[in-house]
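> Quick one, target19.txt (compact mmCIF, N, CA and C atoms):
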# COMPACT_ATOMS: atom_id res chain seq x y z
N MET A 848 -64.86 -172.65 -54.28
CA MET A 848 -63.98 -172.11 -53.27
C MET A 848 -64.76 -171.95 -51.99
N THR A 849 -64.11 -172.17 -50.89
CA THR A 849 -64.75 -172.14 -49.58
C THR A 849 -64.51 -170.79 -48.90
N ILE A 850 -65.60 -170.22 -48.43
CA ILE A 850 -65.54 -168.98 -47.65
C ILE A 850 -66.25 -169.21 -46.32
N THR A 851 -66.04 -168.29 -45.40
CA THR A 851 -66.70 -168.35 -44.10
C THR A 851 -67.60 -167.13 -43.97
N VAL A 852 -68.82 -167.37 -43.52
CA VAL A 852 -69.76 -166.28 -43.25
C VAL A 852 -69.87 -166.16 -41.74
N HIS A 853 -69.49 -165.01 -41.20
CA HIS A 853 -69.60 -164.75 -39.76
C HIS A 853 -70.94 -164.10 -39.47
N LEU A 854 -71.58 -164.59 -38.41
CA LEU A 854 -72.90 -164.10 -38.05
C LEU A 854 -72.91 -163.57 -36.62
N PRO A 855 -73.44 -162.37 -36.41
CA PRO A 855 -73.54 -161.85 -35.04
C PRO A 855 -74.63 -162.60 -34.29
N SER A 856 -74.62 -162.49 -33.00
CA SER A 856 -75.58 -163.23 -32.18
C SER A 856 -77.03 -162.92 -32.54
N ALA A 857 -77.32 -161.72 -32.99
CA ALA A 857 -78.69 -161.34 -33.34
C ALA A 857 -79.25 -162.15 -34.50
N LEU A 858 -78.40 -162.74 -35.32
CA LEU A 858 -78.86 -163.50 -36.48
C LEU A 858 -78.74 -165.02 -36.31
N ARG A 859 -78.14 -165.46 -35.24
CA ARG A 859 -77.87 -166.88 -35.08
C ARG A 859 -79.12 -167.73 -34.91
N ALA A 860 -80.18 -167.15 -34.41
CA ALA A 860 -81.43 -167.91 -34.26
C ALA A 860 -81.99 -168.36 -35.61
N TYR A 861 -81.59 -167.68 -36.68
CA TYR A 861 -82.08 -168.01 -38.01
C TYR A 861 -81.29 -169.13 -38.69
N CYS A 862 -80.26 -169.63 -38.01
CA CYS A 862 -79.45 -170.71 -38.59
C CYS A 862 -79.01 -171.69 -37.49
N GLN A 863 -79.96 -172.09 -36.67
CA GLN A 863 -79.74 -173.08 -35.62
C GLN A 863 -78.62 -172.71 -34.66
N GLY A 864 -78.42 -171.42 -34.42
CA GLY A 864 -77.43 -170.97 -33.45
C GLY A 864 -76.00 -170.90 -33.93
N ALA A 865 -75.77 -171.17 -35.20
CA ALA A 865 -74.40 -171.16 -35.74
C ALA A 865 -73.81 -169.75 -35.71
N SER A 866 -72.55 -169.66 -35.32
CA SER A 866 -71.87 -168.36 -35.33
C SER A 866 -71.17 -168.12 -36.67
N LYS A 867 -71.03 -169.19 -37.44
CA LYS A 867 -70.44 -169.05 -38.78
C LYS A 867 -70.97 -170.15 -39.68
N LEU A 868 -70.97 -169.86 -40.95
CA LEU A 868 -71.34 -170.83 -41.97
C LEU A 868 -70.16 -170.97 -42.92
N VAL A 869 -69.91 -172.16 -43.37
CA VAL A 869 -68.86 -172.40 -44.36
C VAL A 869 -69.57 -172.83 -45.64
N LEU A 870 -69.31 -172.10 -46.72
CA LEU A 870 -69.96 -172.44 -47.98
C LEU A 870 -69.08 -172.09 -49.15
N SER A 871 -69.50 -172.53 -50.32
CA SER A 871 -68.76 -172.24 -51.55
C SER A 871 -69.50 -171.16 -52.32
N ALA A 872 -68.79 -170.10 -52.68
CA ALA A 872 -69.38 -169.00 -53.44
C ALA A 872 -68.27 -168.19 -54.08
N ALA A 873 -68.53 -167.76 -55.31
CA ALA A 873 -67.54 -166.97 -56.04
C ALA A 873 -67.77 -165.47 -55.90
N SER A 874 -68.94 -165.07 -55.37
CA SER A 874 -69.25 -163.66 -55.19
C SER A 874 -70.16 -163.50 -53.98
N VAL A 875 -70.32 -162.28 -53.54
CA VAL A 875 -71.23 -162.01 -52.42
C VAL A 875 -72.65 -162.41 -52.81
N ARG A 876 -73.05 -162.11 -54.04
CA ARG A 876 -74.38 -162.48 -54.52
C ARG A 876 -74.57 -164.00 -54.46
N ALA A 877 -73.57 -164.75 -54.90
CA ALA A 877 -73.65 -166.22 -54.86
C ALA A 877 -73.72 -166.72 -53.42
N ALA A 878 -73.03 -166.07 -52.51
CA ALA A 878 -73.08 -166.46 -51.10
C ALA A 878 -74.50 -166.24 -50.56
N LEU A 879 -75.10 -165.12 -50.88
CA LEU A 879 -76.46 -164.85 -50.43
C LEU A 879 -77.45 -165.84 -51.05
N GLU A 880 -77.23 -166.22 -52.30
CA GLU A 880 -78.10 -167.22 -52.93
C GLU A 880 -77.97 -168.57 -52.23
N GLU A 881 -76.76 -168.93 -51.82
CA GLU A 881 -76.56 -170.17 -51.09
C GLU A 881 -77.24 -170.09 -49.72
N ILE A 882 -77.15 -168.94 -49.06
CA ILE A 882 -77.83 -168.75 -47.78
C ILE A 882 -79.34 -168.85 -47.97
N GLU A 883 -79.85 -168.31 -49.08
CA GLU A 883 -81.29 -168.40 -49.35
C GLU A 883 -81.73 -169.86 -49.45
N ARG A 884 -80.92 -170.70 -50.09
CA ARG A 884 -81.25 -172.12 -50.25
C ARG A 884 -81.12 -172.89 -48.93
N SER A 885 -80.06 -172.60 -48.17
CA SER A 885 -79.78 -173.42 -46.99
C SER A 885 -80.40 -172.88 -45.70
N HIS A 886 -80.61 -171.57 -45.61
CA HIS A 886 -81.14 -170.95 -44.39
C HIS A 886 -82.10 -169.81 -44.78
N PRO A 887 -83.27 -170.15 -45.32
CA PRO A 887 -84.21 -169.10 -45.78
C PRO A 887 -84.54 -168.04 -44.72
N PRO A 888 -84.75 -168.39 -43.45
CA PRO A 888 -85.05 -167.32 -42.48
C PRO A 888 -83.90 -166.32 -42.34
N LEU A 889 -82.66 -166.78 -42.39
CA LEU A 889 -81.52 -165.88 -42.32
C LEU A 889 -81.50 -164.97 -43.54
N TYR A 890 -81.72 -165.55 -44.72
CA TYR A 890 -81.74 -164.76 -45.95
C TYR A 890 -82.79 -163.65 -45.86
N ARG A 891 -83.99 -163.98 -45.37
CA ARG A 891 -85.06 -162.97 -45.27
C ARG A 891 -84.71 -161.88 -44.27
N SER A 892 -83.84 -162.16 -43.33
CA SER A 892 -83.40 -161.14 -42.39
C SER A 892 -82.35 -160.21 -43.00
N VAL A 893 -81.65 -160.71 -44.01
CA VAL A 893 -80.58 -159.94 -44.66
C VAL A 893 -81.09 -159.21 -45.90
N CYS A 894 -81.94 -159.87 -46.67
CA CYS A 894 -82.42 -159.31 -47.94
C CYS A 894 -83.93 -159.14 -47.92
N ASP A 895 -84.40 -158.14 -48.67
CA ASP A 895 -85.84 -157.92 -48.76
C ASP A 895 -86.43 -158.80 -49.86
N GLU A 896 -87.73 -158.62 -50.12
CA GLU A 896 -88.43 -159.46 -51.10
C GLU A 896 -87.94 -159.26 -52.53
N THR A 897 -87.22 -158.17 -52.80
CA THR A 897 -86.68 -157.95 -54.15
C THR A 897 -85.27 -158.52 -54.30
N GLY A 898 -84.70 -159.02 -53.20
CA GLY A 898 -83.34 -159.55 -53.24
C GLY A 898 -82.28 -158.53 -52.88
N ALA A 899 -82.70 -157.30 -52.60
CA ALA A 899 -81.74 -156.26 -52.20
C ALA A 899 -81.41 -156.41 -50.72
N VAL A 900 -80.18 -156.09 -50.37
CA VAL A 900 -79.77 -156.13 -48.98
C VAL A 900 -80.54 -155.04 -48.23
N ARG A 901 -81.09 -155.40 -47.09
CA ARG A 901 -81.87 -154.45 -46.30
C ARG A 901 -81.00 -153.26 -45.88
N ARG A 902 -81.63 -152.10 -45.74
CA ARG A 902 -80.91 -150.85 -45.42
C ARG A 902 -80.09 -150.94 -44.15
N HIS A 903 -80.58 -151.66 -43.18
CA HIS A 903 -79.91 -151.71 -41.88
C HIS A 903 -78.87 -152.83 -41.77
N VAL A 904 -78.59 -153.51 -42.87
CA VAL A 904 -77.62 -154.61 -42.85
C VAL A 904 -76.37 -154.20 -43.62
N ASN A 905 -75.22 -154.44 -43.02
CA ASN A 905 -73.94 -154.16 -43.66
C ASN A 905 -73.24 -155.48 -43.96
N LEU A 906 -72.60 -155.54 -45.11
CA LEU A 906 -71.85 -156.73 -45.52
C LEU A 906 -70.39 -156.34 -45.72
N PHE A 907 -69.51 -157.10 -45.11
CA PHE A 907 -68.08 -156.87 -45.23
C PHE A 907 -67.40 -158.11 -45.79
N VAL A 908 -66.49 -157.91 -46.73
CA VAL A 908 -65.62 -158.99 -47.18
C VAL A 908 -64.26 -158.70 -46.57
N ASN A 909 -63.86 -159.59 -45.69
CA ASN A 909 -62.68 -159.37 -44.86
C ASN A 909 -62.90 -158.07 -44.09
N THR A 910 -62.19 -157.00 -44.37
CA THR A 910 -62.41 -155.74 -43.64
C THR A 910 -63.04 -154.65 -44.50
N ASP A 911 -63.39 -154.97 -45.75
CA ASP A 911 -63.94 -153.97 -46.67
C ASP A 911 -65.45 -154.09 -46.81
N HIS A 912 -66.13 -152.96 -46.64
CA HIS A 912 -67.57 -152.93 -46.87
C HIS A 912 -67.82 -153.16 -48.36
N VAL A 913 -68.81 -153.98 -48.70
CA VAL A 913 -69.04 -154.28 -50.12
C VAL A 913 -69.43 -153.05 -50.91
N ARG A 914 -70.02 -152.03 -50.25
CA ARG A 914 -70.37 -150.82 -51.00
C ARG A 914 -69.12 -150.08 -51.49
N ASP A 915 -67.97 -150.33 -50.85
CA ASP A 915 -66.71 -149.71 -51.27
C ASP A 915 -66.01 -150.56 -52.33
N ARG A 916 -66.61 -151.67 -52.66
CA ARG A 916 -66.05 -152.56 -53.69
C ARG A 916 -67.04 -152.65 -54.84
N GLU A 917 -67.44 -153.84 -55.22
CA GLU A 917 -68.37 -154.01 -56.34
C GLU A 917 -69.77 -154.42 -55.89
N GLY A 918 -70.15 -154.05 -54.69
CA GLY A 918 -71.47 -154.39 -54.18
C GLY A 918 -71.66 -155.90 -54.11
N LEU A 919 -72.83 -156.36 -54.50
CA LEU A 919 -73.11 -157.79 -54.46
C LEU A 919 -72.27 -158.58 -55.45
N ASP A 920 -71.70 -157.90 -56.43
CA ASP A 920 -70.85 -158.57 -57.41
C ASP A 920 -69.40 -158.66 -56.96
N THR A 921 -69.11 -158.27 -55.73
CA THR A 921 -67.76 -158.38 -55.18
C THR A 921 -67.32 -159.84 -55.24
N ALA A 922 -66.19 -160.06 -55.87
CA ALA A 922 -65.66 -161.42 -56.00
C ALA A 922 -65.12 -161.92 -54.66
N LEU A 923 -65.26 -163.20 -54.45
CA LEU A 923 -64.74 -163.84 -53.25
C LEU A 923 -63.64 -164.82 -53.64
N ALA A 924 -62.64 -164.94 -52.80
CA ALA A 924 -61.55 -165.89 -53.00
C ALA A 924 -61.57 -166.89 -51.85
N ALA A 925 -60.99 -168.04 -52.09
CA ALA A 925 -60.92 -169.06 -51.05
C ALA A 925 -60.34 -168.46 -49.77
N GLY A 926 -60.98 -168.73 -48.66
CA GLY A 926 -60.50 -168.23 -47.38
C GLY A 926 -61.07 -166.88 -46.97
N ASP A 927 -61.79 -166.20 -47.87
CA ASP A 927 -62.38 -164.91 -47.52
C ASP A 927 -63.42 -165.09 -46.42
N VAL A 928 -63.65 -164.00 -45.69
CA VAL A 928 -64.65 -163.98 -44.64
C VAL A 928 -65.69 -162.92 -45.00
N LEU A 929 -66.94 -163.35 -45.09
CA LEU A 929 -68.05 -162.45 -45.32
C LEU A 929 -68.74 -162.25 -43.97
N THR A 930 -68.78 -161.01 -43.51
CA THR A 930 -69.41 -160.72 -42.23
C THR A 930 -70.73 -160.00 -42.49
N ILE A 931 -71.79 -160.52 -41.90
CA ILE A 931 -73.11 -159.90 -41.99
C ILE A 931 -73.31 -159.17 -40.66
N LEU A 932 -73.49 -157.86 -40.75
CA LEU A 932 -73.56 -157.06 -39.54
C LEU A 932 -74.75 -156.09 -39.58
N PRO A 933 -75.82 -156.39 -38.83
CA PRO A 933 -76.94 -155.45 -38.78
C PRO A 933 -76.51 -154.18 -38.06
N ALA A 934 -77.02 -153.06 -38.51
CA ALA A 934 -76.72 -151.79 -37.84
C ALA A 934 -77.35 -151.79 -36.46
N VAL A 935 -76.70 -151.13 -35.53
CA VAL A 935 -77.21 -151.02 -34.17
C VAL A 935 -77.44 -149.55 -33.88
N SER A 936 -78.62 -149.27 -33.32
CA SER A 936 -78.90 -147.88 -32.97
C SER A 936 -79.61 -147.86 -31.62
N GLY A 937 -79.74 -146.73 -31.11
CA GLY A 937 -80.41 -146.59 -29.83
C GLY A 937 -79.80 -145.45 -29.04
N GLY A 938 -80.23 -145.34 -27.86
CA GLY A 938 -79.69 -144.24 -27.08
C GLY A 938 -79.78 -144.48 -25.61
Please go through the file and, once you have read it, give me the structure as structure tokens.

Amino acid sequence: MTITVHLPSALRAYCQGASKLVLSAASVRAALEEIERSHPPLYRSVCDETGAVRRHVNLFVNTDHVRDREGLDTALAAGDVLTILPAVSGG
């Protein structure tokens, strides 16, 4: 099944400037594994060396944060949008 991964401008340098990626994945975990294979620098920006999503990175499936669903095991359906959104702070 095909899903779209939306990337904010802060992460586009890690995938040749793409604002979105189209890939096949049945879960958020599978999507991250595909990103690890196809865009390793992007994956390292999203996940740490243990494979856990970094603290400052938020993942949304459509409009739902994955922490409010099944985490990395959140199922994806054809047409879903996975948004990778780093937290922004400052003052």
> Report as a count of residues only all protein, DNA and RNA residues lying within 9 Å of Ala922 of chain A, evaluated on only C-alpha atoms, omitting residues in the same chain fewer than 4 positions from it.
6
> Give me the box for segment 877-896 of chain A as AutoDock Vina command-line options, namely the centre and edge lengths in Å to one decimal of a box along x, y and z that holds every listed atom plus 6 Å on each side.

--center_x -80.7 --center_y -165.7 --center_z -48.6 --size_x 27.4 --size_y 27.5 --size_z 24.6
> Fewer than 5 positions away in the same chain doesn't count, so skip those; otherwise give me all residues within 12 Å of Leu868 of chain A, counting only C-alpha atoms, as a list in words.
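Neighbouring residues, sequence-local ones excluded: Thr849, Ile850, Thr851, Val852, His853, Leu854, Pro855, Leu858, Arg859, Tyr861, Cys862, Gln863, Ala878, Leu879, Glu881, Ile882, Ser885, His886, Leu889, Val928, Leu929, Thr930 and Ile931 of chain A.
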> Considering all atoms listed in the file, can you say which of A:Thr921, A:Ser892, A:Asn905, A:Thr910 comes closest to Ala877 of chain A?
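Answer, going by the shortest atom-to-atom distance: A:Thr921.
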> I'd like to know which residues of segment 860-904 of chain A are alpha helix (DSSP H) (by DSSP, run on the backbone); could you write them as JSON, numbers by chain?
{"A": [875, 876, 877, 878, 879, 880, 881, 882, 883, 884, 885, 887, 888, 889, 890, 891, 892, 893]}
> Report as a compact mmCIF listing (two decimals) with N, CA and C atoms, keeping the file's coordinate frame all protein, DNA and RNA residues lying within 8 Å of Val893 of chain A, evaluated on all atoms listed in the file, omitting residues in the same chain fewer than 6 positions from it.

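Below is the file that was written, part_38.txt:
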# COMPACT_ATOMS: atom_id res chain seq x y z
N PRO A 887 -83.27 -170.15 -45.32
CA PRO A 887 -84.21 -169.10 -45.78
C PRO A 887 -84.54 -168.04 -44.72
N ALA A 899 -82.70 -157.30 -52.60
CA ALA A 899 -81.74 -156.26 -52.20
C ALA A 899 -81.41 -156.41 -50.72
N VAL A 900 -80.18 -156.09 -50.37
CA VAL A 900 -79.77 -156.13 -48.98
C VAL A 900 -80.54 -155.04 -48.23
N ARG A 901 -81.09 -155.40 -47.09
CA ARG A 901 -81.87 -154.45 -46.30
C ARG A 901 -81.00 -153.26 -45.88
N ARG A 902 -81.63 -152.10 -45.74
CA ARG A 902 -80.91 -150.85 -45.42
C ARG A 902 -80.09 -150.94 -44.15
N HIS A 903 -80.58 -151.66 -43.18
CA HIS A 903 -79.91 -151.71 -41.88
C HIS A 903 -78.87 -152.83 -41.77
N VAL A 904 -78.59 -153.51 -42.87
CA VAL A 904 -77.62 -154.61 -42.85
C VAL A 904 -76.37 -154.20 -43.62
N ASN A 905 -75.22 -154.44 -43.02
CA ASN A 905 -73.94 -154.16 -43.66
C ASN A 905 -73.24 -155.48 -43.96
N ILE A 931 -71.79 -160.52 -41.90
CA ILE A 931 -73.11 -159.90 -41.99
C ILE A 931 -73.31 -159.17 -40.66
> Could you write out, as a ChimeraX atom specification, all the residues of chain A that DSSP marks as strand (DSSP E or B)?
/A:849-853,867-871,874,894,900,904-908,911-912,922,928-933
> One decimal, Å: what's the distance from atom CA of Leu923 of chain A over to atom CA of Asp895 of chain A, could you say?
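The value is 22.4 Å.
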> Can you work out the spacing between atom CA of Leu870 of chain A and atom N of Val935 of chain A in Å, to one decimal?
25.6 Å
> Compare A:Leu919, A:Ser871, A:Pro933, A:Glu883 by their minimum atom-to-atom distance to Glu896 of chain A, counting only C-alpha atoms, and give me the closest one.
A:Glu883
> In Å, rounded to a single decimal, give me how far atom CA of Met848 of chain A is from atom CA of Ala925 of chain A.
4.9 Å
> I'd like to know which of A:Glu880, A:Gly918, A:Pro888, A:Ser936 is closest to Leu906 of chain A, using only C-alpha atoms.
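Of A:Glu880, A:Gly918, A:Pro888, A:Ser936, the one nearest Leu906 of chain A is A:Gly918, counting only C-alpha atoms.
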